[in-house]
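Visitor: The structure file data_15.tsv (TSV, C-alpha atoms and all ligand atoms) is provided below.
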chain	number	residue	atom	x	y	z
C	4	MET	CA	-90.78	67.38	0.02
C	5	GLU	CA	-93.71	69.76	-0.09
C	6	ILE	CA	-94.43	72.05	2.87
C	7	PHE	CA	-98.15	72.70	2.95
C	8	PHE	CA	-98.91	73.22	6.62
C	9	ARG	CA	-99.35	76.98	6.19
C	10	THR	CA	-101.46	76.70	3.06
C	11	PRO	CA	-105.09	77.62	3.79
C	12	ARG	CA	-107.70	74.93	3.24
C	13	PRO	CA	-109.54	75.30	-0.06
C	14	SER	CA	-113.22	76.13	0.09
C	15	GLY	CA	-115.51	73.15	0.36
C	16	ALA	CA	-117.93	71.33	2.61
C	17	ILE	CA	-117.25	70.30	6.20
C	18	VAL	CA	-118.23	66.77	7.27
C	19	ILE	CA	-118.53	65.98	11.00
C	20	SER	CA	-119.44	62.64	12.53
C	21	GLY	CA	-121.02	62.53	15.98
C	22	ALA	CA	-122.37	66.02	15.28
C	23	GLY	CA	-125.59	65.58	17.25
C	24	SER	CA	-124.03	66.23	20.65
C	25	GLY	CA	-120.92	67.13	22.64
C	26	ILE	CA	-117.68	67.98	20.89
C	27	GLY	CA	-119.04	67.35	17.38
C	28	ALA	CA	-121.98	69.74	17.82
C	29	ALA	CA	-119.81	72.40	19.47
C	30	LEU	CA	-117.16	72.15	16.75
C	31	ALA	CA	-119.79	72.47	14.02
C	32	LEU	CA	-120.96	75.69	15.66
C	33	ARG	CA	-117.36	76.98	15.64
C	34	TYR	CA	-117.24	76.62	11.86
C	35	ALA	CA	-120.75	77.96	11.22
C	36	GLN	CA	-120.93	80.92	8.88
C	37	ALA	CA	-123.11	82.11	6.02
C	38	GLY	CA	-122.79	79.89	2.97
C	39	GLN	CA	-120.69	77.16	4.62
C	40	VAL	CA	-121.93	73.72	3.56
C	41	PHE	CA	-122.05	71.01	6.25
C	42	LEU	CA	-122.80	67.32	6.31
C	43	LEU	CA	-123.63	66.09	9.81
C	44	LEU	CA	-123.39	62.38	10.61
C	45	GLY	CA	-124.71	60.40	13.57
C	46	ARG	CA	-127.29	57.76	14.39
C	47	ARG	CA	-130.00	59.94	15.96
C	48	PRO	CA	-131.75	62.12	13.34
C	49	GLU	CA	-133.41	64.31	16.00
C	50	ALA	CA	-130.04	65.18	17.58
C	51	LEU	CA	-128.56	66.02	14.16
C	52	ALA	CA	-131.61	68.16	13.34
C	53	LEU	CA	-131.02	70.27	16.47
C	54	THR	CA	-127.39	70.97	15.53
C	55	ALA	CA	-128.44	71.61	11.92
C	56	GLN	CA	-130.95	74.24	13.03
C	57	THR	CA	-128.34	76.18	15.02
C	58	LEU	CA	-126.03	76.15	11.98
C	59	ARG	CA	-128.83	77.24	9.62
C	60	ASN	CA	-129.64	80.10	11.99
C	61	ARG	CA	-126.13	81.35	11.18
C	62	GLY	CA	-126.70	81.08	7.44
C	63	ALA	CA	-125.02	77.73	6.82
C	64	GLN	CA	-126.33	75.15	4.37
C	65	VAL	CA	-126.72	71.83	6.17
C	66	GLU	CA	-127.37	68.22	5.18
C	67	CYS	CA	-127.79	65.47	7.76
C	68	ALA	CA	-127.34	61.74	7.32
C	69	ALA	CA	-128.50	59.35	10.02
C	70	VAL	CA	-125.84	56.70	9.62
C	71	ASP	CA	-123.95	54.31	11.85
C	72	VAL	CA	-120.20	54.82	11.34
C	73	ARG	CA	-119.71	51.05	11.73
C	74	ASP	CA	-121.54	50.59	8.43
C	75	ALA	CA	-118.86	51.17	5.77
C	76	ALA	CA	-121.21	50.57	2.83
C	77	ALA	CA	-123.76	53.07	4.13
C	78	LEU	CA	-121.03	55.68	4.66
C	79	HIS	CA	-119.66	55.20	1.13
C	80	GLY	CA	-123.21	55.65	-0.21
C	81	VAL	CA	-123.70	58.85	1.79
C	82	ALA	CA	-120.31	60.21	0.71
C	83	LYS	CA	-120.96	59.48	-2.98
C	84	ALA	CA	-124.39	61.16	-2.94
C	85	PHE	CA	-123.04	64.15	-1.01
C	86	GLY	CA	-119.88	64.51	-3.14
C	87	GLU	CA	-121.90	64.43	-6.36
C	88	ALA	CA	-124.36	67.02	-5.03
C	89	TYR	CA	-121.97	69.42	-3.29
C	90	GLY	CA	-118.50	68.86	-4.76
C	91	PRO	CA	-115.28	69.01	-2.74
C	92	VAL	CA	-115.06	68.34	0.98
C	93	SER	CA	-112.33	70.48	2.50
C	94	LEU	CA	-112.51	69.16	6.07
C	95	VAL	CA	-113.61	65.82	7.53
C	96	ILE	CA	-113.82	65.55	11.32
C	97	ALA	CA	-114.17	61.91	12.39
C	98	ASN	CA	-115.38	62.52	15.92
C	99	ALA	CA	-118.05	59.88	16.63
C	100	GLY	CA	-117.17	57.64	19.51
C	101	VAL	CA	-118.45	55.65	22.48
C	102	SER	CA	-116.98	55.03	25.89
C	103	TYR	CA	-117.99	52.35	28.40
C	104	GLY	CA	-116.16	50.67	31.22
C	105	THR	CA	-114.79	47.28	30.16
C	106	ARG	CA	-113.32	44.57	32.34
C	107	CYS	CA	-110.81	42.35	30.56
C	108	SER	CA	-111.71	39.41	32.82
C	109	ALA	CA	-115.50	39.62	32.26
C	110	ALA	CA	-116.76	37.71	29.22
C	111	GLU	CA	-120.04	39.61	29.45
C	112	ASP	CA	-118.12	42.77	28.45
C	113	ASP	CA	-117.06	41.24	25.10
C	114	ALA	CA	-119.91	42.97	23.28
C	115	ASP	CA	-118.77	46.34	24.66
C	116	PHE	CA	-115.20	45.61	23.50
C	117	THR	CA	-116.55	44.91	20.02
C	118	GLU	CA	-118.73	48.03	19.92
C	119	ILE	CA	-115.99	50.33	21.19
C	120	ILE	CA	-113.32	49.12	18.77
C	121	ALA	CA	-115.80	48.99	15.87
C	122	THR	CA	-117.04	52.54	16.50
C	123	ASN	CA	-113.93	54.37	17.66
C	124	LEU	CA	-111.38	52.77	15.33
C	125	LEU	CA	-113.14	51.13	12.39
C	126	GLY	CA	-115.89	53.76	12.32
C	127	LEU	CA	-113.27	56.50	12.18
C	128	HIS	CA	-111.49	54.71	9.34
C	129	TYR	CA	-114.72	54.09	7.40
C	130	THR	CA	-115.68	57.76	7.76
C	131	ILE	CA	-112.34	58.97	6.50
C	132	SER	CA	-112.00	56.48	3.67
C	133	ALA	CA	-115.53	57.21	2.43
C	134	PHE	CA	-114.86	60.93	2.06
C	135	LEU	CA	-111.19	60.85	1.01
C	136	PRO	CA	-112.01	60.70	-2.73
C	137	TYR	CA	-113.77	64.07	-2.35
C	138	ILE	CA	-110.99	65.86	-0.43
C	139	PRO	CA	-108.92	68.12	-2.69
C	140	ARG	CA	-105.27	69.07	-2.31
C	141	TYR	CA	-104.72	71.10	0.89
C	142	GLY	CA	-107.88	69.67	2.40
C	143	GLN	CA	-107.74	68.20	5.88
C	144	VAL	CA	-108.72	65.13	7.86
C	145	VAL	CA	-109.21	65.29	11.63
C	146	GLY	CA	-109.72	62.35	13.97
C	147	VAL	CA	-110.68	62.59	17.62
C	148	GLY	CA	-108.55	60.37	19.83
C	149	SER	CA	-108.08	60.85	23.57
C	150	VAL	CA	-105.43	61.21	26.24
C	151	ALA	CA	-106.85	57.84	27.33
C	152	GLY	CA	-104.95	56.40	24.36
C	153	LEU	CA	-101.54	57.38	25.72
C	154	ARG	CA	-101.21	54.66	28.39
C	155	GLY	CA	-103.23	51.66	29.60
C	156	LEU	CA	-106.15	52.40	31.94
C	157	PRO	CA	-107.72	49.98	34.45
C	158	GLY	CA	-111.40	49.31	33.68
C	159	ALA	CA	-111.15	50.98	30.26
C	160	ALA	CA	-108.96	48.67	28.19
C	161	ALA	CA	-111.23	48.77	25.14
C	162	TYR	CA	-111.55	52.56	25.10
C	163	ALA	CA	-107.85	53.16	25.80
C	164	ALA	CA	-106.83	50.61	23.14
C	165	SER	CA	-109.22	52.11	20.58
C	166	LYS	CA	-107.83	55.60	21.13
C	167	ALA	CA	-104.21	54.42	21.09
C	168	ALA	CA	-105.00	52.78	17.76
C	169	VAL	CA	-106.65	55.98	16.50
C	170	ALA	CA	-103.46	57.97	17.20
C	171	VAL	CA	-101.27	55.48	15.33
C	172	TYR	CA	-103.82	55.14	12.52
C	173	LEU	CA	-103.87	58.92	12.02
C	174	GLU	CA	-100.09	59.13	12.09
C	175	SER	CA	-99.95	56.45	9.38
C	176	LEU	CA	-102.62	58.27	7.39
C	177	GLY	CA	-100.69	61.54	7.64
C	178	LEU	CA	-97.63	59.84	6.13
C	179	GLU	CA	-99.77	58.31	3.39
C	180	LEU	CA	-101.56	61.54	2.47
C	181	ARG	CA	-98.63	63.93	2.68
C	182	HIS	CA	-97.76	63.43	-0.98
C	183	ARG	CA	-101.35	64.36	-1.86
C	184	GLY	CA	-101.10	67.61	0.11
C	185	ILE	CA	-103.81	66.57	2.57
C	186	GLY	CA	-103.20	67.38	6.24
C	187	VAL	CA	-104.07	65.01	9.06
C	188	THR	CA	-104.71	66.08	12.66
C	189	CYS	CA	-105.23	63.94	15.75
C	190	ILE	CA	-107.06	65.68	18.58
C	191	ALA	CA	-106.50	64.09	22.00
C	192	PRO	CA	-108.80	65.69	24.57
C	193	GLY	CA	-108.56	65.27	28.32
C	194	PHE	CA	-111.88	65.64	30.14
C	195	ILE	CA	-114.54	67.68	28.32
C	196	ALA	CA	-118.03	68.26	29.75
C	197	THR	CA	-120.28	66.35	27.31
C	198	PRO	CA	-122.92	63.60	27.60
C	199	MET	CA	-120.03	61.10	27.48
C	200	THR	CA	-118.51	62.33	30.73
C	201	ALA	CA	-121.72	63.43	32.47
C	202	ASP	CA	-121.96	60.29	34.64
C	203	ASN	CA	-118.28	59.52	35.17
C	204	PRO	CA	-117.95	58.14	38.71
C	205	PHE	CA	-114.40	59.48	39.24
C	206	PRO	CA	-112.77	62.92	39.55
C	207	MET	CA	-112.08	64.66	36.23
C	208	PRO	CA	-109.18	67.07	36.63
C	209	TRP	CA	-109.17	70.16	34.37
C	210	LEU	CA	-112.64	69.38	33.00
C	211	LEU	CA	-113.25	71.85	30.15
C	212	PRO	CA	-116.63	73.26	29.07
C	213	VAL	CA	-117.38	71.93	25.62
C	214	ASP	CA	-117.57	75.32	23.87
C	215	LYS	CA	-114.16	76.28	25.25
C	216	ALA	CA	-112.76	72.94	24.12
C	217	ALA	CA	-114.24	73.42	20.64
C	218	ALA	CA	-112.58	76.84	20.34
C	219	LYS	CA	-109.19	75.33	21.19
C	220	ILE	CA	-109.73	72.39	18.86
C	221	ARG	CA	-110.69	74.65	15.97
C	222	LYS	CA	-107.49	76.67	16.48
C	223	ALA	CA	-105.38	73.49	16.41
C	224	ILE	CA	-107.16	72.25	13.28
C	225	ASP	CA	-106.71	75.58	11.50
C	226	LYS	CA	-103.00	75.55	12.40
C	227	ARG	CA	-102.85	72.06	10.87
C	228	ARG	CA	-101.32	70.61	14.02
C	229	SER	CA	-100.55	66.93	13.59
C	230	PHE	CA	-101.25	66.02	17.25
C	231	TYR	CA	-102.99	68.22	19.77
C	232	ILE	CA	-103.64	67.47	23.44
C	233	LEU	CA	-105.99	69.68	25.43
C	234	PRO	CA	-106.08	71.24	27.94
C	235	TRP	CA	-102.39	72.11	28.34
C	236	GLN	CA	-102.30	70.58	31.83
C	237	MET	CA	-103.15	67.21	30.25
C	238	TRP	CA	-100.36	67.75	27.75
C	239	VAL	CA	-97.88	68.14	30.63
C	240	VAL	CA	-99.30	65.09	32.41
C	241	SER	CA	-99.14	63.04	29.23
C	242	ILE	CA	-95.47	63.89	28.70
C	243	LEU	CA	-94.72	62.79	32.26
C	244	LEU	CA	-96.83	59.63	31.98
C	245	ARG	CA	-95.25	58.60	28.72
C	246	ALA	CA	-91.82	58.94	30.32
C	247	VAL	CA	-92.67	56.55	33.19
C	248	PRO	CA	-91.38	52.99	32.59
C	249	SER	CA	-94.12	50.30	32.52
C	250	GLY	CA	-93.10	48.71	35.85
C	251	TRP	CA	-93.38	52.03	37.68
C	252	TYR	CA	-96.55	52.98	35.81
C	253	ARG	CA	-98.33	49.89	37.19
C	254	ARG	CA	-97.48	50.94	40.74
C	255	LEU	CA	-99.20	54.31	40.19
C	256	TRP	CA	-102.62	52.64	40.11
C	257	PRO	CA	-104.10	51.54	43.44
C	258	ALA	CA	-106.48	48.54	43.33
C	259	GLY	CA	-110.27	49.04	43.39
C	260	LEU	CA	-110.50	52.37	41.58
C	261	ALA	CA	-113.91	53.41	40.22
C	262	SER	CA	-114.33	53.10	36.45
C	263	LYS	CA	-117.13	53.84	33.99
C	264	PRO	CA	-120.00	51.32	34.03
C	265	PRO	CA	-120.39	48.89	31.10
C	266	CYS	CA	-122.90	49.77	28.36
C	267	ALA	CA	-126.46	49.66	29.76
C	268	SER	CA	-127.94	47.80	26.77
K	1	LIG	N1	-115.81	64.17	26.49
K	1	LIG	C1	-114.55	63.84	26.76
K	1	LIG	O1	-114.04	64.08	27.88
K	1	LIG	C2	-113.71	63.19	25.72
K	1	LIG	C3	-112.34	63.01	26.01
K	1	LIG	C4	-111.53	62.41	25.05
K	1	LIG	C5	-112.06	62.04	23.83
K	1	LIG	N2	-113.37	62.22	23.57
K	1	LIG	C6	-113.88	61.79	22.27
K	1	LIG	O2	-114.58	62.84	21.67
K	1	LIG	C7	-115.52	62.29	20.74
K	1	LIG	C8	-116.87	62.95	20.96
K	1	LIG	O3	-117.35	62.57	22.22
K	1	LIG	P1	-118.22	63.53	23.16
K	1	LIG	O4	-117.48	63.71	24.41
K	1	LIG	O5	-118.66	64.71	22.38
K	1	LIG	O6	-119.45	62.55	23.53
K	1	LIG	P2	-120.92	62.45	22.96
K	1	LIG	O7	-121.66	63.71	23.19
K	1	LIG	O8	-121.46	61.18	23.51
K	1	LIG	O9	-120.68	62.33	21.39
K	1	LIG	C9	-120.43	61.14	20.72
K	1	LIG	C10	-121.15	61.22	19.40
K	1	LIG	O10	-120.80	60.09	18.61
K	1	LIG	C11	-121.97	59.63	17.96
K	1	LIG	N3	-121.86	58.20	17.75
K	1	LIG	C12	-121.59	57.25	18.67
K	1	LIG	N4	-121.61	56.04	18.11
K	1	LIG	C13	-121.89	56.24	16.78
K	1	LIG	C14	-122.07	55.38	15.68
K	1	LIG	N5	-121.94	54.04	15.81
K	1	LIG	N6	-122.36	55.91	14.47
K	1	LIG	C15	-122.50	57.25	14.34
K	1	LIG	N7	-122.33	58.12	15.35
K	1	LIG	C16	-122.05	57.61	16.56
K	1	LIG	C17	-123.13	59.96	18.91
K	1	LIG	O11	-124.31	60.21	18.19
K	1	LIG	P3	-125.47	59.10	18.03
K	1	LIG	O12	-125.66	58.49	19.36
K	1	LIG	O13	-126.64	59.89	17.55
K	1	LIG	O14	-124.99	58.17	16.99
K	1	LIG	C18	-122.67	61.23	19.57
K	1	LIG	O15	-123.20	62.37	18.94
K	1	LIG	C19	-115.52	60.79	20.97
K	1	LIG	O16	-114.72	60.17	19.97
K	1	LIG	C20	-114.86	60.64	22.32
K	1	LIG	O17	-114.24	59.39	22.49
K	1	LIG	C21	-114.22	62.78	24.49
Once more with this new file: its structure as structure tokens, please.
Ligand SMILES: NC(=O)c1ccc[n+]([C@@H]2O[C@H](COP(=O)([O-])OP(=O)(O)OC[C@H]3O[C@@H](n4cnc5c(N)ncnc54)[C@H](OP(=O)(O)O)[C@@H]3O)[C@@H](O)[C@H]2O)c1

Guide:
Amino acid sequence: MEIFFRTPRPSGAIVISGAGSGIGAALALRYAQAGQVFLLLGRRPEALALTAQTLRNRGAQVECAAVDVRDAAALHGVAKAFGEAYGPVSLVIANAGVSYGTRCSAAEDDADFTEIIATNLLGLHYTISAFLPYIPRYGQVVGVGSVAGLRGLPGAAAYAASKAAVAVYLESLGLELRHRGIGVTCIAPGFIATPMTADNPFPMPWLLPVDKAAAKIRKAIDKRRSFYILPWQMWVVSILLRAVPSGWYRRLWPAGLASKPPCAS
């Protein structure tokens, strides 16, 4: 069995989905340096252009692709064109995601269920599978999950289920890619101050500023951690929550708690 977790990543491009805002934009900035090639993915070209400009100001070479991660064919096309133009991709960060409140008993939330699972799980898979052919030995794949994926959450079944699936997907991927010498990291943030959490109607303990979160995430990626929960207080809480049997866990949640609203559209 090959031990490669201390082997530095080879040089190559960095691909980040959801790079137009929040964690994706802040992480891109953490990796910005002269000569580093980036490919930024997201649906809004103007948001990607803003991130690209901050990276270029630091001497990076940046390409942007306005693409929906739910569109596998489009992603494969982007990856092929980029791989042929720029060569190896040493790091893929599948970060794009959406979060809305979803009520399991409300049929009108079905579209939100579909969008959340399609973006957070299938979109992550499509992003990774599109770029895998261009990742060399000792390259790395990172997926952004959430502490919300560790246990069920009232009013957020779709989001929690998508992130639970992301964690298991990435664990499976890590097993699959180990023989190819490609590392896989699952990042599971607690609350980070980004557009996604800006309107949350509930308390957010240990809310981290996004640049601080990005610094911690970069450290975990560079250490090739397989699973990283941040901040540390959420790590402690998650260990405790995972130890609670289901029957007791249910009793922890009082009825009528506030949850995120459904998608506005
Ligand atoms: N903030 C937190 O507290 C927190 C906690 C745990 C996990 N996370 C996860 O962290 C990741 C980043 O979220 P964030 O907090 O940085 O929120 P954010 O600022 O809303 O970022 C999400 C990004 O994903 C992109 N995106 C969404 N749907 C997409 C699609 N179909 N195709 C392509 N790009 C898409 C968005 O860009 P476009 O709209 O331009 O497409 C946006 O830039 C998400 O996976 C989220 O679930 C966040």

Visitor: Name the residues, by chain letter and number, that sit within 8 Å of ligand LIG 1 (chain K) using all atoms listed in the file, and give them as a ChimeraX atom specification.

Guide: /C:20-28,44-48,50-51,69-73,97-102,118,121-123,126,147-151,162,166,191-200,210,213

Visitor: Write a file of the selected residues as a PDB file, keeping the file's coordinate frame, keeping C-alpha atoms.

Guide:
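Saved the output as selection.pdb:
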ATOM      1  CA  SER C  20    -119.440  62.640  12.530  1.00  0.00           C
ATOM      2  CA  GLY C  21    -121.020  62.530  15.980  1.00  0.00           C
ATOM      3  CA  ALA C  22    -122.370  66.020  15.280  1.00  0.00           C
ATOM      4  CA  GLY C  23    -125.590  65.580  17.250  1.00  0.00           C
ATOM      5  CA  SER C  24    -124.030  66.230  20.650  1.00  0.00           C
ATOM      6  CA  GLY C  25    -120.920  67.130  22.640  1.00  0.00           C
ATOM      7  CA  ILE C  26    -117.680  67.980  20.890  1.00  0.00           C
ATOM      8  CA  GLY C  27    -119.040  67.350  17.380  1.00  0.00           C
ATOM      9  CA  ALA C  28    -121.980  69.740  17.820  1.00  0.00           C
ATOM     10  CA  LEU C  44    -123.390  62.380  10.610  1.00  0.00           C
ATOM     11  CA  GLY C  45    -124.710  60.400  13.570  1.00  0.00           C
ATOM     12  CA  ARG C  46    -127.290  57.760  14.390  1.00  0.00           C
ATOM     13  CA  ARG C  47    -130.000  59.940  15.960  1.00  0.00           C
ATOM     14  CA  PRO C  48    -131.750  62.120  13.340  1.00  0.00           C
ATOM     15  CA  ALA C  50    -130.040  65.180  17.580  1.00  0.00           C
ATOM     16  CA  LEU C  51    -128.560  66.020  14.160  1.00  0.00           C
ATOM     17  CA  ALA C  69    -128.500  59.350  10.020  1.00  0.00           C
ATOM     18  CA  VAL C  70    -125.840  56.700   9.620  1.00  0.00           C
ATOM     19  CA  ASP C  71    -123.950  54.310  11.850  1.00  0.00           C
ATOM     20  CA  VAL C  72    -120.200  54.820  11.340  1.00  0.00           C
ATOM     21  CA  ARG C  73    -119.710  51.050  11.730  1.00  0.00           C
ATOM     22  CA  ALA C  97    -114.170  61.910  12.390  1.00  0.00           C
ATOM     23  CA  ASN C  98    -115.380  62.520  15.920  1.00  0.00           C
ATOM     24  CA  ALA C  99    -118.050  59.880  16.630  1.00  0.00           C
ATOM     25  CA  GLY C 100    -117.170  57.640  19.510  1.00  0.00           C
ATOM     26  CA  VAL C 101    -118.450  55.650  22.480  1.00  0.00           C
ATOM     27  CA  SER C 102    -116.980  55.030  25.890  1.00  0.00           C
ATOM     28  CA  GLU C 118    -118.730  48.030  19.920  1.00  0.00           C
ATOM     29  CA  ALA C 121    -115.800  48.990  15.870  1.00  0.00           C
ATOM     30  CA  THR C 122    -117.040  52.540  16.500  1.00  0.00           C
ATOM     31  CA  ASN C 123    -113.930  54.370  17.660  1.00  0.00           C
ATOM     32  CA  GLY C 126    -115.890  53.760  12.320  1.00  0.00           C
ATOM     33  CA  VAL C 147    -110.680  62.590  17.620  1.00  0.00           C
ATOM     34  CA  GLY C 148    -108.550  60.370  19.830  1.00  0.00           C
ATOM     35  CA  SER C 149    -108.080  60.850  23.570  1.00  0.00           C
ATOM     36  CA  VAL C 150    -105.430  61.210  26.240  1.00  0.00           C
ATOM     37  CA  ALA C 151    -106.850  57.840  27.330  1.00  0.00           C
ATOM     38  CA  TYR C 162    -111.550  52.560  25.100  1.00  0.00           C
ATOM     39  CA  LYS C 166    -107.830  55.600  21.130  1.00  0.00           C
ATOM     40  CA  ALA C 191    -106.500  64.090  22.000  1.00  0.00           C
ATOM     41  CA  PRO C 192    -108.800  65.690  24.570  1.00  0.00           C
ATOM     42  CA  GLY C 193    -108.560  65.270  28.320  1.00  0.00           C
ATOM     43  CA  PHE C 194    -111.880  65.640  30.140  1.00  0.00           C
ATOM     44  CA  ILE C 195    -114.540  67.680  28.320  1.00  0.00           C
ATOM     45  CA  ALA C 196    -118.030  68.260  29.750  1.00  0.00           C
ATOM     46  CA  THR C 197    -120.280  66.350  27.310  1.00  0.00           C
ATOM     47  CA  PRO C 198    -122.920  63.600  27.600  1.00  0.00           C
ATOM     48  CA  MET C 199    -120.030  61.100  27.480  1.00  0.00           C
ATOM     49  CA  THR C 200    -118.510  62.330  30.730  1.00  0.00           C
ATOM     50  CA  LEU C 210    -112.640  69.380  33.000  1.00  0.00           C
ATOM     51  CA  VAL C 213    -117.380  71.930  25.620  1.00  0.00           C
TER      52      VAL C 213
END

Visitor: Env of Arg33 (chain C): 8 Å cut, atoms = all atoms listed in the file, seq-sep filter 5 positions within chain, self excluded. Answer as a VMD selection string.

Guide: chain C and resid 217 to 218 221

Visitor: Can you pull out the residues contacting region 251-257 of chain C? Cut-off 10 Å, using all atoms listed in the file, and skip same-chain residues under 3 positions away; I want them as a PyMOL selection string.

Guide: chain C and resi 154-157+244-248+260

Visitor: What is the distance between CA of Ala258 (chain C) and CA of Gly158 (chain C), in Å to one decimal?

Guide: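 Straight-line distance from CA of Ala258 (chain C) to CA of Gly158 (chain C) works out to 10.9 Å.
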
Visitor: Nearest to Ser262 (chain C): which of C:Ile224, C:Ala159, C:Leu58, C:Met237 is it, counting all atoms listed in the file?

Guide: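 Residue with the minimum atom-to-atom distance to Ser262 (chain C): C:Ala159.
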
Visitor: C:Thr117, C:Thr130, C:Thr54, C:Asn60: which is nearest Ala164 (chain C), counting all atoms listed in the file?

Guide: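 Selected residue with least distance to Ala164 (chain C): C:Thr117.
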
Visitor: How many Å lie between CA of Gln36 (chain C) and CA of Ala84 (chain C), rounded to one decimal?

Guide: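 It comes out at 23.3 Å.
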